[in-house]
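Q: One structure follows; several queries about it will come next.
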Amino acid sequence: MAVSRLDRLFILLDTGTTPVTRKAAAQQLGDVVKLHPHELNNLLSKVLTYLRSPNWDTRIAAGQAVEAIVKNVPEWSPTPKPKEESGSDISMEDASSDRLSFYRFDISRLLKHGASLLGSAGVEFEIQEDKSGEVDPKERLARQRKLLQKKLGLDMGAAIGMDTEELFNDEDLDYTPSSGAAGSRPPGGKSSGCLASENHTTMQAAELIDSEFRPGMSNRQKNKAKRMAKLVAKQRSRDVDPNEKSNDSFDGEPEEKRRKTTNVVIEQPATDTKVLIDNVPDNSGLYDETNEWPLESFCDELCNDLFNPSWEVRHGAGTGLREILKWHGTGGGKLVDSTEEEMTRQHQEWLEDLVIRLLCVFALDRFGDFVSDEVVAPVRETCAQTLGVALKNMSENGVEKTVAVLLKLLVEDQWEVRHGGLLGIKYALAVRQDMIGTLLPKVLPAITEGLQDLDDDVRAVAAAALIPVVDGLVQLLPSKVPFIVDTLWGALLELDDLTASTNSIMTLLSSLLTYPEVRQCSIQQSLTVLVPRVWPFLRHTISSVRKAALETLFTLLSKDDHSCAVWLTPILQDMLRHIFQSCILESNQEILDLIQKVWTELIRQAPHQYVVAASCPWMGAWLCLMMQPSHMPIDLNMLLEVKAKCKTSGKLRQGPNPVKETIQEYIAGADTVTEEPATRDYVVMRARMMAAKLLGALCRCICDPGVNATSQEIRPAESLAQLLLFHLNSKSALQRIAVALVLCEWAALQKDCEVVSSAVQPRLLAILSEHLYYDEIAIPFTRMQNECKQLITLLAEAQIDVRSRVNCSVFTIDQANELVTTIFNDSTATLNLKSKPCQPLDSKRQQVQMTVAETNQEWQVLHLRVHMFTACAVANLRLLPDKLNPVIKPLMEAAKKEENTLVQSYAATFIAKLLQQCTQRSPCPNPKILKNLCGSVCVDSLLTPCAACPVPLPPGQEPSRGVNSEKDGMHHSVNKTKGIITLYRHQKEAFAITSRRGPTPKAQKSPNADLPLGTGATAEVDESKKPCLVQRRGAEFALTVIARHFGPDLTTGLPHLWDSMVGLLRSSIDVNNFGMHSGLVSIFCVNVNITKSVCVCV
């Protein structure tokens, strides 16, 4: 049987491979209603099946389908009748409503007699009863045991030597329902161990609500139920009868003949002057012909599902109701032939009925799951969101009654009930901001009590409930704020990485402390005692907690009256250590920027002499942390252990006391160790650069003349100079890079400090002329030595003596490369390397070649970076030597060859600074530097094509054939006079993909959102094109920074750059005889690329 397109859309809701696919199917279902509104009920009935699906993704997609469908249903707003025309014909019985109301509703009675709503009714663990009654009881219990073990995953216990037979016995499986309850309640309605009270029986929620909280049905409602039953029966018979024609057919269907049509103007042809009009069904008045809200029956079905024993069905019902209320929250419950006042009353009664049902879910739902360290209550959370949407349209009186019921839930013993009540209050406060003045005083005592609850998940929701109303809390109830802040400070003593309330409490505390009046009057203890409670959260596993902790510190430090010194001085050293340690271990850019703000504010607020005294003992350790190799874990002895102080008195919190494992820490975070090498190198370099900024700001304090008096025996600046000089004299590339970075950042903040600059200047200039093998390549370098000697030994065994040409005990990289290329080829020229006796020689040569290449690659990267950062330090210290080539060359090489965009952009910044320092120098190197940069911008033929040959010929192809042959699949011609190069390239790429044989290539990995564009751009390109791409990118960085650095003085300070942009083009154009030739086109392409790079900063 063929599957229709509509059926395929429903199948995609359930089986779509990605959320995007499911959402697209949901959106198209909404378009179906737009074109065929008469299919509304049919579509909703099918979507209802997916709302009850046990699969989470399917329910979410079904909720999106409900939203897409109801969005295309016109808002229900019947025309009200005048008062004199209505009401007189309506009897009092018909006017009465059978809906739930707060007048009859008693939440306490529901909690006392209502059965809890768990994860399920347990029917999935029951075997189907044999109606014939011939199954032996023992056989039934055996089958029951087997089914239960399979459902619980215990059937694999025997495979691992685990005895699962004793986990439950036959008495646990033998359940015989009582005769009295069997007829009045469906199976699974009662669950042992989940009773509200042991002294009375429980009833299913829906049964209890119908029997105790609802009046009988009116005549009008009974007639409505009969009509709905007839419609459902008719719909079922139509679905069952395969021979009956569909509603969409046009073969003699009376409904189609009676349906109104309208003329519409459709899309017109581009070359025709005629206006095309189509005749389509007119659906504008379809909803006006109905007597009730089109979504009434669907909402009734969802309301019934709210009390289903299965949590998946309850979650789907809440999701569907939420989407309906978003778009039709103002029309539910309204009836035709009613006055405006009656419609308002009907709407409020409908909302009241729905809200009471949601409150019942809060009271009875007990389902909870755990993801990571937080509890997940999908039913209560979704129903709370639905409640928020409903309260948005509810009257103020109704909102107050709702909040009153929610407050009753907060005094119950079950934590799930308190959790649900606070969720409802959270969304009520967030949605009804207009009633904050009325609601907040009523709920604040209960929320404050929730902040001190024994259950951590309840505390989390209590704190989250106050976050949206922090402003109203401070303005309306300032006297209550100090106690709340003290409660939050006290809660920090009991939080750790595994508590669910950590995020909410830290966020609420940081939000409250942003108000000056809160900081002034709310802190009853000294901040010297309170602030250390924040230390554990600086390294929390959740980034939002780390951010909230840093914002709290920044808020406390951001005072203009310099009163922080009183409480800051005793804990200054610990705070400096914790913040610097966080910088070394952080991988998030936003948090790194916040760390820098906190560090800067900390140094500004604390007296300089105390900063120097607290930091000098740890400068060496901090530099060592900054030099940490990326592939090695940090020694835990170098890190300050973070311990939360335990509360000595007060309530004992519920929950286990987990033992925290000792984990290995890496620079830039352990979570980035498994990233690809380019990404890992980027985040590590970013952490080093941020650490250098922190230490640079600290060096300015250490070099302050106020703390370096001549009468001192040992001045801090002299000690700093000796420390930096010690690392510059080492053979470690990382040590040299770290010190050079610190000097760069320090010099940017402080221009003159003769003690330090005079000590490091000679060593910096000496480094620029050194070529040594750094400690970081000791392992590959040693391996290269051993393999070279092994190759020489193999050659000697083959009667080939190369020792006369290789006379060294230690091979340099160049000598090793010469050995495996020139010397090896000359010595084995007479041998057949493919023969079996010579194969070991050739394979060993290839192995040595790979080792030499790897060692050379690592050395080249380290050598380039050491020289580049040293040149940056020399330029920033304004210590330029007479010969500038040792300074200029590494900066230009980094701009051309460095693949890390952070390092490349850093070099570009100091190229701009170097150009400014050399503007008045004679001879001036600026024209040569700019010429090289402009040439590098145009090195990529993809962006700067050659006018004589705009599209390079493929290798081996003769010019006579051209580059657009039909065999290549090209249909667009390109030469130096006509054609679009971009279109040609797109066609070529498309042809290459479509003509490729084999499996479909894997989708590219989505880029890391925390990395800037272009960081991994060189990873997917061809290796032969990578050097051009890197060189062009570096030149673009440099020209952009230069233009930004010089600003309006660009044309006067760098006239050569202006000439490179327009000079050649201006001198090549003859205004009297204008004509485009290949030379002019090439000049134009070059100038366009240079101008584009310069103008990026505008």
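Each chain in the structure tokens gets a letter, A, B and so on, in the order shown; residues start at 1 in every chain, and ligands are counted from 1 in the order they appear.
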DSSP on the backbone: what in segment 723-944 of chain A comes out helix (DSSP H, G or I), as a PyMOL selection string?
A: chain A and resi 723-728+733-749+754-767+775-797+813-827+836-876+885-897+901-917+926-937
Q: Residues of segment 371-511 of chain A in strand (DSSP E) according to DSSP, as a list of chain:residue names?
A: A:Val371, A:Glu374, A:Val375, A:Val376
Q: Leaving out Ile595 of chain A and any residue of its chain fewer than 4 positions from it, which residues lie within 8 Å of it when counting only C-alpha atoms, given as number ranges by chain?
A: A: 550, 579, 582-583, 591, 599
Q: Which of these, A:Leu35, A:Ala549, A:Gly424, A:Thr330, has the shortest distance to Asn393 of chain A once you count only C-alpha atoms?
A: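 The shortest atom-to-atom distance to Asn393 of chain A comes from A:Thr330.
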Q: Find the spatial neighbours of Ile447 of chain A, counting only C-alpha atoms, within a cut-off of 8 Å - ignore same-chain residues fewer than 3 positions away - and output them as a PDB file with N, CA, C and O atoms, in the first residue's frame.
A:
```pdb
ATOM      1  N   LEU A 422       6.948  25.120  44.126  1.00  0.00           N
ATOM      2  CA  LEU A 422       7.902  26.195  43.844  1.00  0.00           C
ATOM      3  C   LEU A 422       8.076  26.409  42.342  1.00  0.00           C
ATOM      4  O   LEU A 422       8.305  27.536  41.896  1.00  0.00           O
ATOM      5  N   VAL A 443       4.474  35.320  48.717  1.00  0.00           N
ATOM      6  CA  VAL A 443       5.246  34.102  48.474  1.00  0.00           C
ATOM      7  C   VAL A 443       6.655  34.162  49.034  1.00  0.00           C
ATOM      8  O   VAL A 443       7.303  33.118  49.176  1.00  0.00           O
ATOM      9  N   LEU A 444       7.155  35.351  49.373  1.00  0.00           N
ATOM     10  CA  LEU A 444       8.544  35.460  49.797  1.00  0.00           C
ATOM     11  C   LEU A 444       8.841  34.637  51.058  1.00  0.00           C
ATOM     12  O   LEU A 444       9.883  33.974  51.115  1.00  0.00           O
ATOM     13  N   GLY A 450      12.033  27.821  51.506  1.00  0.00           N
ATOM     14  CA  GLY A 450      12.528  26.871  50.510  1.00  0.00           C
ATOM     15  C   GLY A 450      14.032  26.942  50.324  1.00  0.00           C
ATOM     16  O   GLY A 450      14.678  25.941  50.021  1.00  0.00           O
ATOM     17  N   LEU A 451      14.616  28.139  50.494  1.00  0.00           N
ATOM     18  CA  LEU A 451      16.071  28.275  50.403  1.00  0.00           C
ATOM     19  C   LEU A 451      16.781  27.514  51.515  1.00  0.00           C
ATOM     20  O   LEU A 451      17.974  27.216  51.402  1.00  0.00           O
ATOM     21  N   ALA A 462      13.788  27.167  44.549  1.00  0.00           N
ATOM     22  CA  ALA A 462      13.499  28.366  45.346  1.00  0.00           C
ATOM     23  C   ALA A 462      14.403  29.521  44.930  1.00  0.00           C
ATOM     24  O   ALA A 462      13.940  30.664  44.783  1.00  0.00           O
ATOM     25  N   ALA A 463      15.681  29.247  44.737  1.00  0.00           N
ATOM     26  CA  ALA A 463      16.589  30.303  44.284  1.00  0.00           C
ATOM     27  C   ALA A 463      16.263  30.744  42.867  1.00  0.00           C
ATOM     28  O   ALA A 463      16.281  31.946  42.558  1.00  0.00           O
ATOM     29  N   ALA A 465      13.410  30.794  41.507  1.00  0.00           N
ATOM     30  CA  ALA A 465      12.160  31.560  41.490  1.00  0.00           C
ATOM     31  C   ALA A 465      12.395  33.038  41.747  1.00  0.00           C
ATOM     32  O   ALA A 465      11.628  33.887  41.274  1.00  0.00           O
TER      33      ALA A 465
END
```
Q: Give me the residues within 9 Å of Gly421 of chain A as a list in words, counting only C-alpha atoms and dropping any in the same chain fewer than 4 places off.
A: Leu359, Phe362, Ala363, Ala384, Val403, Val405, Leu406, Leu407, Lys408, Leu409, Leu410, Glu416, Val417, Ile425 and Lys426 of chain A
Q: Restrict the selected residues to N, CA, C and O atoms and save them as a PDB file, in the first residue's frame.
A:
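Generated file (result-v1.pdb):
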```
ATOM      1  N   LEU A 359      -2.514  22.095  38.842  1.00  0.00           N
ATOM      2  CA  LEU A 359      -2.177  22.064  40.263  1.00  0.00           C
ATOM      3  C   LEU A 359      -2.290  20.646  40.813  1.00  0.00           C
ATOM      4  O   LEU A 359      -1.505  20.241  41.675  1.00  0.00           O
ATOM      5  N   PHE A 362       0.903  18.916  40.021  1.00  0.00           N
ATOM      6  CA  PHE A 362       1.953  19.285  40.969  1.00  0.00           C
ATOM      7  C   PHE A 362       1.811  18.505  42.277  1.00  0.00           C
ATOM      8  O   PHE A 362       2.810  18.105  42.881  1.00  0.00           O
ATOM      9  N   ALA A 363       0.579  18.312  42.712  1.00  0.00           N
ATOM     10  CA  ALA A 363       0.351  17.668  43.997  1.00  0.00           C
ATOM     11  C   ALA A 363       0.591  16.165  43.944  1.00  0.00           C
ATOM     12  O   ALA A 363       1.031  15.572  44.939  1.00  0.00           O
ATOM     13  N   ALA A 384       4.498  23.298  34.736  1.00  0.00           N
ATOM     14  CA  ALA A 384       4.749  24.635  35.283  1.00  0.00           C
ATOM     15  C   ALA A 384       4.846  25.667  34.162  1.00  0.00           C
ATOM     16  O   ALA A 384       4.341  26.791  34.287  1.00  0.00           O
ATOM     17  N   VAL A 403      -1.933  31.045  43.317  1.00  0.00           N
ATOM     18  CA  VAL A 403      -0.755  31.149  44.178  1.00  0.00           C
ATOM     19  C   VAL A 403      -1.073  30.658  45.583  1.00  0.00           C
ATOM     20  O   VAL A 403      -0.234  30.035  46.249  1.00  0.00           O
ATOM     21  N   VAL A 405      -3.083  28.218  46.390  1.00  0.00           N
ATOM     22  CA  VAL A 405      -3.008  26.757  46.368  1.00  0.00           C
ATOM     23  C   VAL A 405      -1.555  26.298  46.301  1.00  0.00           C
ATOM     24  O   VAL A 405      -1.158  25.332  46.969  1.00  0.00           O
ATOM     25  N   LEU A 406      -0.741  26.988  45.504  1.00  0.00           N
ATOM     26  CA  LEU A 406       0.671  26.627  45.405  1.00  0.00           C
ATOM     27  C   LEU A 406       1.364  26.750  46.754  1.00  0.00           C
ATOM     28  O   LEU A 406       2.232  25.933  47.097  1.00  0.00           O
ATOM     29  N   LEU A 407       1.000  27.771  47.515  1.00  0.00           N
ATOM     30  CA  LEU A 407       1.607  27.932  48.837  1.00  0.00           C
ATOM     31  C   LEU A 407       1.249  26.778  49.760  1.00  0.00           C
ATOM     32  O   LEU A 407       2.038  26.393  50.626  1.00  0.00           O
ATOM     33  N   LYS A 408       0.046  26.215  49.605  1.00  0.00           N
ATOM     34  CA  LYS A 408      -0.329  25.066  50.423  1.00  0.00           C
ATOM     35  C   LYS A 408       0.538  23.850  50.114  1.00  0.00           C
ATOM     36  O   LYS A 408       0.778  23.012  50.985  1.00  0.00           O
ATOM     37  N   LEU A 409       0.987  23.763  48.869  1.00  0.00           N
ATOM     38  CA  LEU A 409       1.836  22.636  48.498  1.00  0.00           C
ATOM     39  C   LEU A 409       3.193  22.703  49.181  1.00  0.00           C
ATOM     40  O   LEU A 409       3.861  21.673  49.350  1.00  0.00           O
ATOM     41  N   LEU A 410       3.637  23.897  49.561  1.00  0.00           N
ATOM     42  CA  LEU A 410       4.980  24.063  50.109  1.00  0.00           C
ATOM     43  C   LEU A 410       5.106  23.586  51.550  1.00  0.00           C
ATOM     44  O   LEU A 410       6.218  23.543  52.081  1.00  0.00           O
ATOM     45  N   GLU A 416       8.730  16.137  46.467  1.00  0.00           N
ATOM     46  CA  GLU A 416       8.226  16.338  45.103  1.00  0.00           C
ATOM     47  C   GLU A 416       7.085  17.344  45.080  1.00  0.00           C
ATOM     48  O   GLU A 416       6.954  18.131  44.126  1.00  0.00           O
ATOM     49  N   VAL A 417       6.248  17.338  46.109  1.00  0.00           N
ATOM     50  CA  VAL A 417       5.133  18.287  46.172  1.00  0.00           C
ATOM     51  C   VAL A 417       5.669  19.705  46.362  1.00  0.00           C
ATOM     52  O   VAL A 417       5.224  20.649  45.696  1.00  0.00           O
ATOM     53  N   ILE A 425       5.221  28.637  41.411  1.00  0.00           N
ATOM     54  CA  ILE A 425       5.457  30.014  41.871  1.00  0.00           C
ATOM     55  C   ILE A 425       6.533  30.693  41.010  1.00  0.00           C
ATOM     56  O   ILE A 425       6.432  31.880  40.692  1.00  0.00           O
ATOM     57  N   LYS A 426       7.532  29.926  40.625  1.00  0.00           N
ATOM     58  CA  LYS A 426       8.602  30.482  39.785  1.00  0.00           C
ATOM     59  C   LYS A 426       8.045  31.064  38.487  1.00  0.00           C
ATOM     60  O   LYS A 426       8.353  32.206  38.106  1.00  0.00           O
TER      61      LYS A 426
END
```
Q: If we count only C-alpha atoms and set the cut-off at 12 Å, which residues sit around Gln790 of chain A, ignoring sequence neighbours fewer than 2 positions away in its own chain? Please answer as a list in words.
A: Arg783, Met784, Gln785, Asn786, Glu787, Cys788, Ile792, Thr793, Leu794, Leu795, Ala796, Glu797, Leu819, Val820, Pro840, Leu841, Lys844, Arg845, Gln847 and Val848 of chain A
Q: Tell me which protein, DNA and RNA residues are within 6 Å of Gln27 of chain A, counting only C-alpha atoms, leaving out same-chain ones fewer than 3 positions away, and put them as a PDB file with N, CA and C atoms, in the first residue's frame.
A:
```
ATOM      1  N   ALA A  24      11.152  20.220  10.734  1.00  0.00           N
ATOM      2  CA  ALA A  24      10.696  20.544   9.376  1.00  0.00           C
ATOM      3  C   ALA A  24       9.393  19.815   9.050  1.00  0.00           C
ATOM      4  N   GLY A  30       1.795  21.991   9.766  1.00  0.00           N
ATOM      5  CA  GLY A  30       1.090  23.258   9.951  1.00  0.00           C
ATOM      6  C   GLY A  30       0.640  23.864   8.641  1.00  0.00           C
ATOM      7  N   ALA A  68       2.739  24.318  15.221  1.00  0.00           N
ATOM      8  CA  ALA A  68       2.611  24.697  13.811  1.00  0.00           C
ATOM      9  C   ALA A  68       1.170  24.625  13.335  1.00  0.00           C
TER      10      ALA A  68
END
```
Q: One number please: atom CA of Phe10 of chain A to atom CA of Tyr50 of chain A, in Å, one decimal.
A: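 Going from atom CA of Phe10 of chain A over to atom CA of Tyr50 of chain A covers 8.5 Å.
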